[in-house]
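> entry06.txt (compact mmCIF, C-alpha atoms (C1' of nucleotides)) pasted underneath:
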```txt
# COMPACT_ATOMS: atom_id res chain seq x y z
CA MET V 1 49.34 147.98 8.46
CA GLN V 2 50.34 144.67 6.91
CA LYS V 3 53.40 142.97 5.49
CA LYS V 4 55.61 145.39 3.67
CA SER V 5 56.73 144.16 0.32
CA THR V 6 60.20 145.58 0.70
CA SER V 7 60.87 143.49 3.80
CA GLY V 8 59.38 140.44 2.19
CA ARG V 9 61.78 137.96 3.73
CA THR V 10 59.40 135.48 5.23
CA SER V 11 58.26 133.62 2.16
CA TYR V 12 58.18 134.49 -1.45
CA HIS V 13 54.61 133.39 -1.35
CA HIS V 14 53.98 136.67 0.31
CA GLY V 15 51.26 135.82 2.76
CA ASP V 16 47.87 136.67 1.45
CA LEU V 17 48.36 138.48 -1.82
CA ARG V 18 44.68 138.81 -2.48
CA ARG V 19 44.20 140.98 0.59
CA VAL V 20 47.41 142.88 -0.06
CA VAL V 21 46.27 143.76 -3.56
CA LEU V 22 42.92 144.99 -2.27
CA ASP V 23 44.51 147.05 0.51
CA THR V 24 47.08 148.54 -1.82
CA ALA V 25 44.45 149.50 -4.36
CA GLN V 26 42.29 151.07 -1.68
CA ALA V 27 45.22 153.06 -0.38
CA MET V 28 46.06 154.36 -3.83
CA LEU V 29 42.44 155.27 -4.48
CA ALA V 30 42.33 157.16 -1.20
CA GLU V 31 45.59 159.01 -1.80
CA ASP V 32 45.21 160.25 -5.35
CA ARG V 33 41.99 162.18 -5.98
CA ASN V 34 41.89 161.22 -9.62
CA TRP V 35 44.13 158.34 -10.34
CA GLN V 36 43.66 156.13 -13.31
CA PHE V 37 43.41 152.60 -12.01
CA THR V 38 46.26 150.46 -13.27
CA LEU V 39 46.77 146.83 -12.41
CA ARG V 40 50.48 147.04 -13.06
CA GLU V 41 50.89 150.02 -10.78
CA VAL V 42 49.08 148.24 -7.98
CA ALA V 43 51.29 145.19 -8.44
CA ARG V 44 54.38 147.37 -8.49
CA ARG V 45 53.47 149.05 -5.23
CA ALA V 46 52.52 145.73 -3.70
CA GLY V 47 55.96 144.49 -4.62
CA VAL V 48 54.92 141.62 -6.84
CA SER V 49 55.13 140.95 -10.53
CA HIS V 50 52.39 142.39 -12.71
CA ALA V 51 51.15 138.89 -13.44
CA ALA V 52 50.72 137.88 -9.81
CA PRO V 53 47.29 139.46 -9.23
CA TYR V 54 45.87 137.24 -11.96
CA LYS V 55 46.20 134.29 -9.61
CA HIS V 56 43.62 135.95 -7.34
CA PHE V 57 41.39 137.90 -9.73
CA PRO V 58 40.35 136.68 -13.15
CA ASP V 59 40.86 140.14 -14.60
CA LYS V 60 40.97 143.85 -13.89
CA ALA V 61 37.20 144.24 -14.00
CA SER V 62 36.77 141.67 -11.24
CA LEU V 63 39.17 143.52 -8.99
CA LEU V 64 37.33 146.76 -9.65
CA ALA V 65 34.03 145.07 -8.89
CA GLU V 66 35.38 143.80 -5.59
CA LEU V 67 36.63 147.26 -4.66
CA ALA V 68 33.28 148.73 -5.60
CA MET V 69 31.49 146.28 -3.34
CA LEU V 70 33.74 147.15 -0.44
CA GLY V 71 33.05 150.78 -1.19
CA PHE V 72 29.29 150.29 -1.02
CA ASP V 73 29.69 148.45 2.25
CA ARG V 74 31.63 151.35 3.71
CA LEU V 75 29.04 153.78 2.38
CA ARG V 76 26.32 151.83 4.14
CA GLU V 77 28.26 152.06 7.40
CA VAL V 78 28.74 155.78 6.97
CA LEU V 79 25.04 156.33 6.35
CA ALA V 80 24.04 154.10 9.24
CA ALA V 81 26.40 155.97 11.56
CA ALA V 82 24.95 159.31 10.48
CA VAL V 83 21.42 158.12 11.13
CA ALA V 84 22.40 156.70 14.51
CA THR V 85 23.48 160.12 15.76
CA HIS V 86 19.87 161.31 15.58
CA PRO V 87 17.64 158.42 16.54
CA ARG V 88 14.85 160.77 17.50
CA SER V 89 14.31 163.08 14.59
CA VAL V 90 13.73 161.52 11.20
CA ARG V 91 14.19 164.88 9.62
CA LYS V 92 17.60 165.51 11.14
CA ALA V 93 18.70 161.95 10.58
CA PHE V 94 17.72 162.18 6.94
CA LEU V 95 19.55 165.43 6.38
CA LEU V 96 22.67 164.15 8.10
CA ALA V 97 22.62 160.94 6.12
CA ALA V 98 22.35 162.89 2.88
CA ILE V 99 25.25 165.11 3.90
CA ALA V 100 27.28 162.09 4.94
CA TYR V 101 26.62 160.52 1.55
CA VAL V 102 27.90 163.52 -0.35
CA ARG V 103 30.89 163.88 1.95
CA PHE V 104 31.78 160.22 1.46
CA GLY V 105 32.01 160.73 -2.28
CA VAL V 106 33.71 164.09 -2.13
CA GLU V 107 36.36 162.82 0.26
CA GLN V 108 37.18 159.81 -1.90
CA PRO V 109 36.37 160.82 -5.46
CA ALA V 110 38.46 158.11 -7.07
CA LEU V 111 36.71 155.40 -5.10
CA TYR V 112 33.27 156.90 -5.63
CA ARG V 113 33.78 157.16 -9.37
CA LEU V 114 35.04 153.59 -9.45
CA MET V 115 31.96 152.35 -7.62
CA PHE V 116 29.80 153.56 -10.51
CA SER V 117 32.22 152.87 -13.32
CA ALA V 118 31.15 150.76 -16.25
CA GLU V 119 34.18 148.53 -15.85
CA ALA V 120 33.32 147.67 -12.27
CA SER V 121 29.77 146.67 -13.20
CA ARG V 122 31.09 144.59 -16.05
CA GLY V 123 33.32 142.66 -13.69
CA ALA V 124 30.60 142.10 -11.16
CA ASP V 125 28.43 139.13 -10.63
CA VAL V 126 24.84 140.21 -10.07
CA HIS V 127 25.68 141.16 -6.53
CA LEU V 128 27.03 144.65 -7.19
CA SER V 129 23.79 146.51 -7.69
CA GLU V 130 22.46 144.51 -4.78
CA ARG V 131 25.10 146.00 -2.53
CA ALA V 132 24.35 149.43 -3.85
CA LEU V 133 20.68 148.95 -3.07
CA ASN V 134 21.65 147.59 0.32
CA ALA V 135 23.57 150.76 1.11
CA LEU V 136 20.52 152.76 0.19
CA GLY V 137 18.32 150.69 2.44
CA VAL V 138 19.27 153.10 5.19
CA LEU V 139 17.60 155.97 3.36
CA LEU V 140 14.62 153.82 2.48
CA GLU V 141 13.90 153.01 6.11
CA LEU V 142 14.11 156.67 6.95
CA LEU V 143 11.56 157.48 4.28
CA GLN V 144 9.20 154.83 5.60
CA ARG V 145 9.58 156.07 9.15
CA GLY V 146 8.99 159.60 7.99
CA GLN V 147 5.77 158.61 6.26
CA GLN V 148 4.55 156.71 9.29
CA GLU V 149 5.32 159.58 11.61
CA GLY V 150 3.35 161.83 9.31
CA ILE V 151 6.13 164.25 8.46
CA PHE V 152 6.75 162.99 4.91
CA ARG V 153 4.19 162.89 2.14
CA ARG V 154 2.60 159.53 1.53
CA ARG V 155 3.99 158.57 -1.86
CA PRO V 156 5.38 155.30 -3.18
CA VAL V 157 8.64 154.95 -1.28
CA ARG V 158 10.53 153.65 -4.28
CA GLY V 159 9.90 156.87 -6.12
CA GLN V 160 10.96 158.97 -3.18
CA ALA V 161 14.03 156.82 -2.77
CA ALA V 162 14.89 157.33 -6.42
CA ALA V 163 14.58 161.08 -5.94
CA CYS V 164 16.84 160.98 -2.88
CA TRP V 165 19.45 158.78 -4.43
CA ALA V 166 19.56 160.74 -7.66
CA GLN V 167 19.84 163.98 -5.71
CA VAL V 168 22.78 162.94 -3.53
CA HIS V 169 24.43 161.04 -6.38
CA GLY V 170 24.15 164.05 -8.65
CA LEU V 171 25.33 166.47 -5.98
CA THR V 172 28.31 164.26 -5.21
CA LEU V 173 29.42 163.99 -8.82
CA LEU V 174 28.83 167.63 -9.69
CA THR V 175 30.80 168.63 -6.62
CA ILE V 176 33.62 166.26 -7.48
CA ASP V 177 33.70 167.69 -10.99
CA GLY V 178 33.82 171.20 -9.59
CA LEU V 179 30.65 172.18 -11.40
CA LEU V 180 28.82 173.48 -8.34
CA LEU V 181 30.67 176.68 -7.71
CA PRO V 182 29.75 178.64 -4.62
CA GLU V 183 30.16 181.57 -7.05
CA LYS V 184 29.78 184.95 -5.46
CA VAL V 185 28.00 184.51 -2.20
CA GLY V 186 28.77 181.81 0.29
CA ASP V 187 25.60 179.76 0.22
CA ALA V 188 26.75 176.21 -0.32
CA PRO V 189 24.80 174.80 -3.26
CA VAL V 190 24.76 171.36 -1.67
CA ASP V 191 22.91 172.55 1.42
CA ALA V 192 20.47 174.52 -0.68
CA ALA V 193 19.80 171.55 -2.94
CA LEU V 194 19.22 169.26 0.00
CA ALA V 195 16.82 171.78 1.49
CA THR V 196 14.82 171.72 -1.72
CA LEU V 197 14.83 167.95 -1.67
CA LEU V 198 13.50 167.94 1.88
CA GLU V 199 10.74 170.36 0.97
CA GLY V 200 9.71 167.94 -1.73
CA LEU V 201 9.44 165.15 0.80
CA GLU V 202 7.92 166.92 3.76
CA LEU V 203 4.26 167.66 4.18
CA PRO V 204 3.54 171.36 3.83
CA MET J 1 27.34 162.83 -45.03
CA GLN J 2 30.86 163.92 -45.91
CA LYS J 3 33.87 162.61 -47.77
CA LYS J 4 34.31 158.91 -47.39
CA SER J 5 37.81 157.88 -46.55
CA THR J 6 37.69 154.83 -48.77
CA SER J 7 36.98 156.89 -51.85
CA GLY J 8 39.61 159.41 -50.90
CA ARG J 9 40.76 160.14 -54.42
CA THR J 10 40.61 163.89 -54.45
CA SER J 11 43.64 164.77 -52.41
CA TYR J 12 45.63 162.93 -49.86
CA HIS J 13 45.18 165.97 -47.76
CA HIS J 14 41.74 164.68 -47.16
CA GLY J 15 39.69 167.82 -47.04
CA ASP J 16 39.06 169.00 -43.55
CA LEU J 17 40.40 166.33 -41.26
CA ARG J 18 39.56 168.23 -38.13
CA ARG J 19 35.84 168.08 -38.91
CA VAL J 20 36.08 164.49 -40.14
CA VAL J 21 37.66 163.42 -36.85
CA LEU J 22 34.96 165.14 -34.85
CA ASP J 23 32.16 163.67 -36.95
CA THR J 24 33.64 160.20 -36.84
CA ALA J 25 34.05 160.34 -33.09
CA GLN J 26 30.49 161.56 -32.65
CA ALA J 27 29.19 158.76 -34.83
CA MET J 28 31.07 156.14 -32.87
CA LEU J 29 29.85 157.60 -29.58
CA ALA J 30 26.29 157.49 -30.85
CA GLU J 31 26.52 153.94 -32.14
CA ASP J 32 28.14 152.08 -29.29
CA ARG J 33 26.40 152.61 -25.94
CA ASN J 34 29.56 152.07 -23.99
CA TRP J 35 32.56 152.41 -26.15
CA GLN J 36 35.96 153.18 -24.75
CA PHE J 37 37.20 156.21 -26.59
CA THR J 38 40.32 155.45 -28.59
CA LEU J 39 42.16 157.92 -30.72
CA ARG J 40 43.63 155.19 -32.88
CA GLU J 41 40.24 153.67 -33.54
CA VAL J 42 38.83 157.02 -34.61
CA ALA J 43 41.75 157.55 -36.93
CA ARG J 44 41.34 154.05 -38.34
CA ARG J 45 37.69 154.61 -39.11
CA ALA J 46 38.41 158.03 -40.53
CA GLY J 47 40.90 156.36 -42.86
CA VAL J 48 43.98 158.25 -41.75
CA SER J 49 47.08 157.31 -39.87
CA HIS J 50 46.90 157.32 -36.09
CA ALA J 51 49.26 160.26 -35.98
CA ALA J 52 47.20 162.49 -38.24
CA PRO J 53 44.74 163.77 -35.62
CA TYR J 54 47.66 165.26 -33.72
CA LYS J 55 47.95 167.88 -36.41
CA HIS J 56 44.52 169.17 -35.39
CA PHE J 57 44.30 168.42 -31.69
CA PRO J 58 47.19 168.74 -29.26
CA ASP J 59 46.17 165.52 -27.52
CA LYS J 60 43.35 163.14 -26.77
CA ALA J 61 42.05 165.22 -23.87
CA SER J 62 41.58 168.25 -26.14
CA LEU J 63 39.54 166.23 -28.59
CA LEU J 64 37.40 164.92 -25.75
CA ALA J 65 36.93 168.45 -24.46
CA GLU J 66 35.80 169.61 -27.88
CA LEU J 67 33.31 166.76 -28.14
CA ALA J 68 32.05 167.55 -24.66
CA MET J 69 31.46 171.17 -25.62
CA LEU J 70 29.53 170.15 -28.70
CA GLY J 71 27.53 167.83 -26.47
CA PHE J 72 26.61 170.61 -24.09
CA ASP J 73 25.57 172.77 -27.01
CA ARG J 74 23.27 170.05 -28.27
CA LEU J 75 21.89 169.56 -24.78
CA ARG J 76 21.08 173.25 -24.59
CA GLU J 77 19.19 173.00 -27.87
CA VAL J 78 17.26 169.98 -26.66
CA LEU J 79 16.26 171.75 -23.47
CA ALA J 80 15.32 174.93 -25.28
CA ALA J 81 13.18 172.95 -27.71
CA ALA J 82 11.40 171.21 -24.87
CA VAL J 83 10.64 174.50 -23.17
CA ALA J 84 9.44 176.02 -26.41
CA THR J 85 6.69 173.44 -26.75
CA HIS J 86 4.99 174.84 -23.66
CA PRO J 87 5.50 178.57 -23.66
CA ARG J 88 2.46 179.08 -21.43
CA SER J 89 2.89 176.82 -18.47
CA VAL J 90 6.15 177.06 -16.56
CA ARG J 91 5.28 173.90 -14.74
CA LYS J 92 4.80 171.84 -17.88
CA ALA J 93 7.80 173.39 -19.56
CA PHE J 94 9.94 172.59 -16.56
CA LEU J 95 8.83 169.00 -16.40
CA LEU J 96 9.33 168.48 -20.11
CA ALA J 97 12.78 170.04 -19.99
CA ALA J 98 13.75 167.72 -17.16
CA ILE J 99 12.49 164.71 -19.05
CA ALA J 100 14.26 165.86 -22.18
CA TYR J 101 17.48 166.19 -20.21
CA VAL J 102 17.30 162.63 -18.92
CA ARG J 103 16.34 161.30 -22.31
CA PHE J 104 19.27 163.07 -23.93
CA GLY J 105 21.68 161.27 -21.62
CA VAL J 106 19.94 157.94 -21.76
CA GLU J 107 19.84 157.94 -25.54
CA GLN J 108 23.54 158.72 -25.84
CA PRO J 109 25.18 157.32 -22.74
CA ALA J 110 28.68 157.29 -24.18
CA LEU J 111 28.48 160.95 -25.09
CA TYR J 112 26.88 161.93 -21.80
CA ARG J 113 29.53 160.13 -19.78
CA LEU J 114 32.22 161.73 -21.87
CA MET J 115 30.79 165.20 -21.23
CA PHE J 116 31.43 164.74 -17.53
CA SER J 117 34.59 162.69 -17.75
CA ALA J 118 37.69 163.79 -15.93
CA GLU J 119 39.72 163.54 -19.10
CA ALA J 120 37.46 165.93 -20.98
CA SER J 121 37.70 168.55 -18.23
CA ARG J 122 41.45 168.15 -18.16
CA GLY J 123 41.66 168.86 -21.86
CA ALA J 124 39.40 171.87 -21.66
CA ASP J 125 40.29 175.48 -21.46
CA VAL J 126 38.12 177.22 -18.90
CA HIS J 127 35.25 177.26 -21.32
CA LEU J 128 33.91 173.77 -20.66
CA SER J 129 32.10 174.40 -17.40
CA GLU J 130 30.92 177.64 -18.94
CA ARG J 131 29.16 175.71 -21.69
CA ALA J 132 27.68 173.38 -19.15
CA LEU J 133 26.34 176.30 -17.17
CA ASN J 134 25.09 177.80 -20.41
CA ALA J 135 23.09 174.67 -21.14
CA LEU J 136 21.56 174.94 -17.72
CA GLY J 137 20.63 178.55 -18.25
CA VAL J 138 17.42 177.24 -19.77
CA LEU J 139 16.40 175.71 -16.46
CA LEU J 140 17.51 178.76 -14.55
CA GLU J 141 15.23 181.05 -16.53
CA LEU J 142 12.36 178.68 -15.91
CA LEU J 143 12.99 178.84 -12.19
CA GLN J 144 13.03 182.60 -12.25
CA ARG J 145 9.83 182.75 -14.26
CA GLY J 146 8.23 180.30 -11.89
CA GLN J 147 9.13 182.41 -8.90
CA GLN J 148 7.82 185.57 -10.54
CA GLU J 149 4.58 183.90 -11.48
CA GLY J 150 4.21 182.82 -7.89
CA ILE J 151 4.08 179.09 -8.51
CA PHE J 152 7.62 178.32 -7.26
CA ARG J 153 8.88 179.04 -3.75
CA ARG J 154 10.97 182.15 -3.43
CA ARG J 155 14.42 180.75 -2.69
CA PRO J 156 17.85 181.66 -4.02
CA VAL J 157 17.69 180.48 -7.62
CA ARG J 158 21.21 179.12 -7.59
CA GLY J 159 20.28 176.65 -4.88
CA GLN J 160 17.16 175.57 -6.70
CA ALA J 161 19.16 175.24 -9.90
CA ALA J 162 21.69 173.06 -8.11
CA ALA J 163 18.87 170.85 -6.87
CA CYS J 164 17.42 170.54 -10.36
CA TRP J 165 20.71 169.86 -12.06
CA ALA J 166 21.79 167.31 -9.48
CA GLN J 167 18.43 165.58 -9.74
CA VAL J 168 18.42 165.20 -13.50
CA HIS J 169 22.14 164.45 -13.62
CA GLY J 170 21.76 161.77 -10.98
CA LEU J 171 18.67 160.29 -12.62
CA THR J 172 20.41 160.17 -15.96
CA LEU J 173 23.48 158.39 -14.65
CA LEU J 174 21.60 155.97 -12.43
CA THR J 175 19.36 155.09 -15.36
CA ILE J 176 22.32 154.61 -17.66
CA ASP J 177 23.94 152.35 -15.08
CA GLY J 178 20.72 150.35 -14.79
CA LEU J 179 20.45 151.07 -11.09
CA LEU J 180 16.91 152.41 -11.19
CA LEU J 181 14.93 149.25 -11.75
CA PRO J 182 11.24 149.62 -12.40
CA GLU J 183 11.08 146.50 -10.21
CA LYS J 184 7.65 144.96 -9.90
CA VAL J 185 5.10 147.54 -10.82
CA GLY J 186 5.35 149.87 -13.74
CA ASP J 187 5.82 153.22 -12.04
CA ALA J 188 8.87 154.68 -13.69
CA PRO J 189 11.26 155.86 -10.99
CA VAL J 190 12.31 158.80 -13.12
CA ASP J 191 8.81 160.23 -13.28
CA ALA J 192 8.32 159.71 -9.57
CA ALA J 193 11.62 161.38 -8.74
CA LEU J 194 10.81 164.36 -10.93
CA ALA J 195 7.44 164.67 -9.25
CA THR J 196 9.16 164.86 -5.88
CA LEU J 197 11.53 167.47 -7.23
CA LEU J 198 8.61 169.56 -8.46
CA GLU J 199 6.90 169.35 -5.10
CA GLY J 200 10.06 170.71 -3.56
CA LEU J 201 9.96 173.68 -5.89
CA GLU J 202 6.27 174.48 -5.99
CA LEU J 203 4.40 176.44 -3.39
CA PRO J 204 2.08 174.23 -1.40
C1' DA R 1 50.95 172.70 -45.38
C1' DC R 2 49.47 168.21 -44.28
C1' DC R 3 50.11 163.30 -43.62
C1' DT R 4 52.77 158.66 -42.79
C1' DG R 5 55.79 155.03 -40.52
C1' DA R 6 58.63 153.71 -37.29
C1' DA R 7 59.66 154.23 -32.60
C1' DC R 8 58.99 154.66 -27.37
C1' DA R 9 56.89 153.92 -23.09
C1' DC R 10 52.96 152.17 -21.23
C1' DC R 11 48.78 148.69 -20.49
C1' DG R 12 45.98 144.22 -19.89
C1' DT R 13 46.46 139.44 -20.45
C1' DT R 14 48.60 134.84 -21.16
C1' DC R 15 51.72 131.09 -20.44
C1' DA R 16 55.72 128.42 -19.97
C1' DA R 17 58.97 128.06 -16.53
C1' DG R 18 60.74 128.63 -11.93
C1' DT R 19 60.57 127.86 -6.38
C1' DA K 1 50.41 126.00 -4.61
C1' DC K 2 52.04 130.39 -5.76
C1' DC K 3 54.89 133.60 -8.29
C1' DT K 4 58.08 135.41 -12.30
C1' DG K 5 59.68 136.78 -17.11
C1' DA K 6 59.09 137.00 -21.54
C1' DA K 7 55.73 137.61 -24.99
C1' DC K 8 51.55 139.57 -27.57
C1' DA K 9 48.35 142.90 -28.95
C1' DC K 10 46.91 147.24 -27.88
C1' DC K 11 47.33 152.54 -26.54
C1' DG K 12 48.90 157.63 -26.51
C1' DT K 13 52.48 160.47 -28.15
C1' DT K 14 56.55 162.04 -30.83
C1' DC K 15 59.35 162.90 -34.79
C1' DA K 16 61.92 162.35 -38.83
C1' DA K 17 60.69 161.72 -43.39
C1' DG K 18 57.65 161.78 -47.28
C1' DT K 19 54.15 164.33 -50.82
```
Rewrite the structure of this file - the entire thing - as structure tokens.


Amino acid sequence: MQKKSTSGRTSYHHGDLRRVVLDTAQAMLAEDRNWQFTLREVARRAGVSHAAPYKHFPDKASLLAELAMLGFDRLREVLAAAVATHPRSVRKAFLLAAIAYVRFGVEQPALYRLMFSAEASRGADVHLSERALNALGVLLELLQRGQQEGIFRRRPVRGQAAACWAQVHGLTLLTIDGLLLPEKVGDAPVDAALATLLEGLELP
Amino acid sequence: MQKKSTSGRTSYHHGDLRRVVLDTAQAMLAEDRNWQFTLREVARRAGVSHAAPYKHFPDKASLLAELAMLGFDRLREVLAAAVATHPRSVRKAFLLAAIAYVRFGVEQPALYRLMFSAEASRGADVHLSERALNALGVLLELLQRGQQEGIFRRRPVRGQAAACWAQVHGLTLLTIDGLLLPEKVGDAPVDAALATLLEGLELP
DNA sequence: ACCTGAACACCGTTCAAGT
DNA sequence: ACCTGAACACCGTTCAAGT
């Protein structure tokens, strides 16, 4: 996709190392379901010395924070796309967004874990939780629409949003950790849990 | 509470190092909200060489797994105690158990995170998720009772249990990470989220 | 039987020195 | 202006050697 380190003829100032580091890290996060983030390993794969990244990121935590922000941006896109497929029905849009959320995390566990890691928050300026909230804005709008259309209970939206976020966040992590076994029968726990969530939101 | 390392006259075989290591680790987890678990630091504080713990635990992951199991046992006790305070009302018992769950995690974030850490699961024999499920048995019984008493919807209990676990798990972690801001007004998001959960369980 | 000390391979981080 | 190499303090893990 971009300059290969092995063919790094052009200049030993290696184009735009900052971007290369980010791309490399993202690739490694995507490839290995549970890889322990290592600055040196990223540098190695990017084909630079282990000290080079420090010219572009003050420390490891800052890099993690940046990756987390990019992750939240992608999550927002995923949610928005899911909602866009059902512009008519708030109910369907909501359910699809919730499923898309869980799938996002389950498909990229290493990234999802990183997004909520203590180290990433430590490295972040205030903007990290802002991005997280931004990603969840999609769900918030859906809740508001649902209330206006009279299909969701009229409750403070912030509380409902907390319930939704906690539910999908919890489902994502429990699934990643393999703690939500389908057990005997084949009723996916995620679907069942989301159904319960919806029943808590919808008017009887 | 037990033998101090500094006064370790008695025998340089230091009593029961296995227990001392576990106690020391638990104390450190309880004291520092977000401390990065370090075998060497535990050994240091326990007053033994950094190699000594290896005589009692095959590796770091095993120690983490053991601590996680103890954590789940304590969680089960906390939940059971909460339920016991309201033997009459399933609804109240359920709500109090949920609150107790979140409080458990919020009061000991380092321990709670550890209980669900990838490293702890890696170090565990199969029994770890079993203990986790065991802790949740308390909630499961409540759901069954609620269904029998006709106050909860009749749905597959496993699905409802998944919804409950995901909700409290998510709330706990989001609270720990400081992502559930009370914002302006003083309506605690946790209470609101739990109310929504209950409405999803209860019959209209 | 139980613990220590040195050793190894790995990290994150820094800094003089290279181009 | 951007990168490298050696260096430092830290880890997890192992193993011969001590009591």

> Measure the distance from atom CA of Gly47 of chain V to atom CA of Ser121 of chain V in Å and round it to one decimal.

27.6 Å

> Find the nearest atom pair between each residue of chain R and chain V for residues within 12 Å, count all atoms listed in the file, give distances in Å to one decimal, sort rows by chain and ascending number, and present the table as CSV.


```
residue,atom,partner,partner_atom,distance
R:DC10,C1',V:Arg40,CA,10.0
R:DC11,C1',V:Arg40,CA,7.8
R:DG12,C1',V:Lys60,CA,7.8
R:DT13,C1',V:Asp59,CA,8.1
R:DT14,C1',V:Ala51,CA,9.1
R:DC15,C1',V:Ala51,CA,10.5
R:DT19,C1',V:Tyr12,CA,8.6
```

> Show me which bits of chain V are within 9 Å of chain J, counting only C-alpha atoms, as a compact mmCIF listing (two decimals) with C-alpha atoms, in the frame of the given file.


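New file selection.txt:
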```txt
# COMPACT_ATOMS: atom_id res chain seq x y z
CA ASN V 34 41.89 161.22 -9.62
CA PHE V 116 29.80 153.56 -10.51
CA SER V 117 32.22 152.87 -13.32
CA ALA V 118 31.15 150.76 -16.25
CA SER V 121 29.77 146.67 -13.20
CA SER V 129 23.79 146.51 -7.69
CA ALA V 132 24.35 149.43 -3.85
CA LEU V 133 20.68 148.95 -3.07
CA ARG V 155 3.99 158.57 -1.86
CA PRO V 156 5.38 155.30 -3.18
CA ARG V 158 10.53 153.65 -4.28
CA GLY V 159 9.90 156.87 -6.12
CA GLN V 160 10.96 158.97 -3.18
CA ALA V 161 14.03 156.82 -2.77
CA ALA V 162 14.89 157.33 -6.42
CA ALA V 163 14.58 161.08 -5.94
CA CYS V 164 16.84 160.98 -2.88
CA TRP V 165 19.45 158.78 -4.43
CA ALA V 166 19.56 160.74 -7.66
CA GLN V 167 19.84 163.98 -5.71
CA VAL V 168 22.78 162.94 -3.53
CA HIS V 169 24.43 161.04 -6.38
CA GLY V 170 24.15 164.05 -8.65
CA LEU V 171 25.33 166.47 -5.98
CA THR V 172 28.31 164.26 -5.21
CA LEU V 173 29.42 163.99 -8.82
CA LEU V 174 28.83 167.63 -9.69
CA ASP V 177 33.70 167.69 -10.99
CA GLY V 178 33.82 171.20 -9.59
CA LEU V 179 30.65 172.18 -11.40
CA LEU V 180 28.82 173.48 -8.34
CA ASP V 187 25.60 179.76 0.22
CA ALA V 188 26.75 176.21 -0.32
CA PRO V 189 24.80 174.80 -3.26
CA VAL V 190 24.76 171.36 -1.67
CA ASP V 191 22.91 172.55 1.42
CA ALA V 192 20.47 174.52 -0.68
CA ALA V 193 19.80 171.55 -2.94
CA LEU V 194 19.22 169.26 0.00
CA ALA V 195 16.82 171.78 1.49
CA THR V 196 14.82 171.72 -1.72
CA LEU V 197 14.83 167.95 -1.67
CA LEU V 198 13.50 167.94 1.88
CA GLU V 199 10.74 170.36 0.97
CA GLY V 200 9.71 167.94 -1.73
CA LEU V 201 9.44 165.15 0.80
CA GLU V 202 7.92 166.92 3.76
CA LEU V 203 4.26 167.66 4.18
CA PRO V 204 3.54 171.36 3.83
```

> Would you work out the distance separating atom CA of Arg18 of chain V from atom CA of Val106 of chain V, expressed in Å to one decimal?

27.6 Å

> Report as AutoDock Vina command-line options the centre and the edge lengths, in Å to one decimal, of the axis-aligned box holding every listed atom of segment 92-104 of chain V, padded by 8 Å on each side.


```
--center_x 24.7 --center_y 162.9 --center_z 5.4 --size_x 30.2 --size_y 21.3 --size_z 27.5
```

> Take atom CA of Gly137 of chain V and atom CA of Thr24 of chain V and report the distance between them in Å, one decimal.

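Atom-to-atom, atom CA of Gly137 of chain V and atom CA of Thr24 of chain V are spaced 29.2 Å apart.
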
> Show me, as a VMD selection string, the residues that have an atom within 10 Å of DA16 of chain R when counting all atoms listed in the file, minus same-chain residues fewer than 2 positions from it.

(chain R and resid 14 18) or (chain K and resid 5 to 6)

> Counting all atoms listed in the file, find the residues whose atoms lie at most 10 Å from (22.5, 161.2, 7.9) (file coordinates) and write them out as a list in words.

Val78, Leu79, Ala80, Ala81, Ala82, Val83, Ala84, Thr85, His86, Val90, Arg91, Lys92, Ala93, Phe94, Leu95, Leu96, Ala97, Ala98, Ile99, Ala100, Tyr101, Val138, Leu139 and Leu142 of chain V

> Counting only C-alpha atoms, figure out which residue out of V:Ala135, V:Glu66, V:Pro53, V:Ala25 gets nearest to Gly123 of chain V.

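Residue with the minimum atom-to-atom distance to Gly123 of chain V: V:Glu66.
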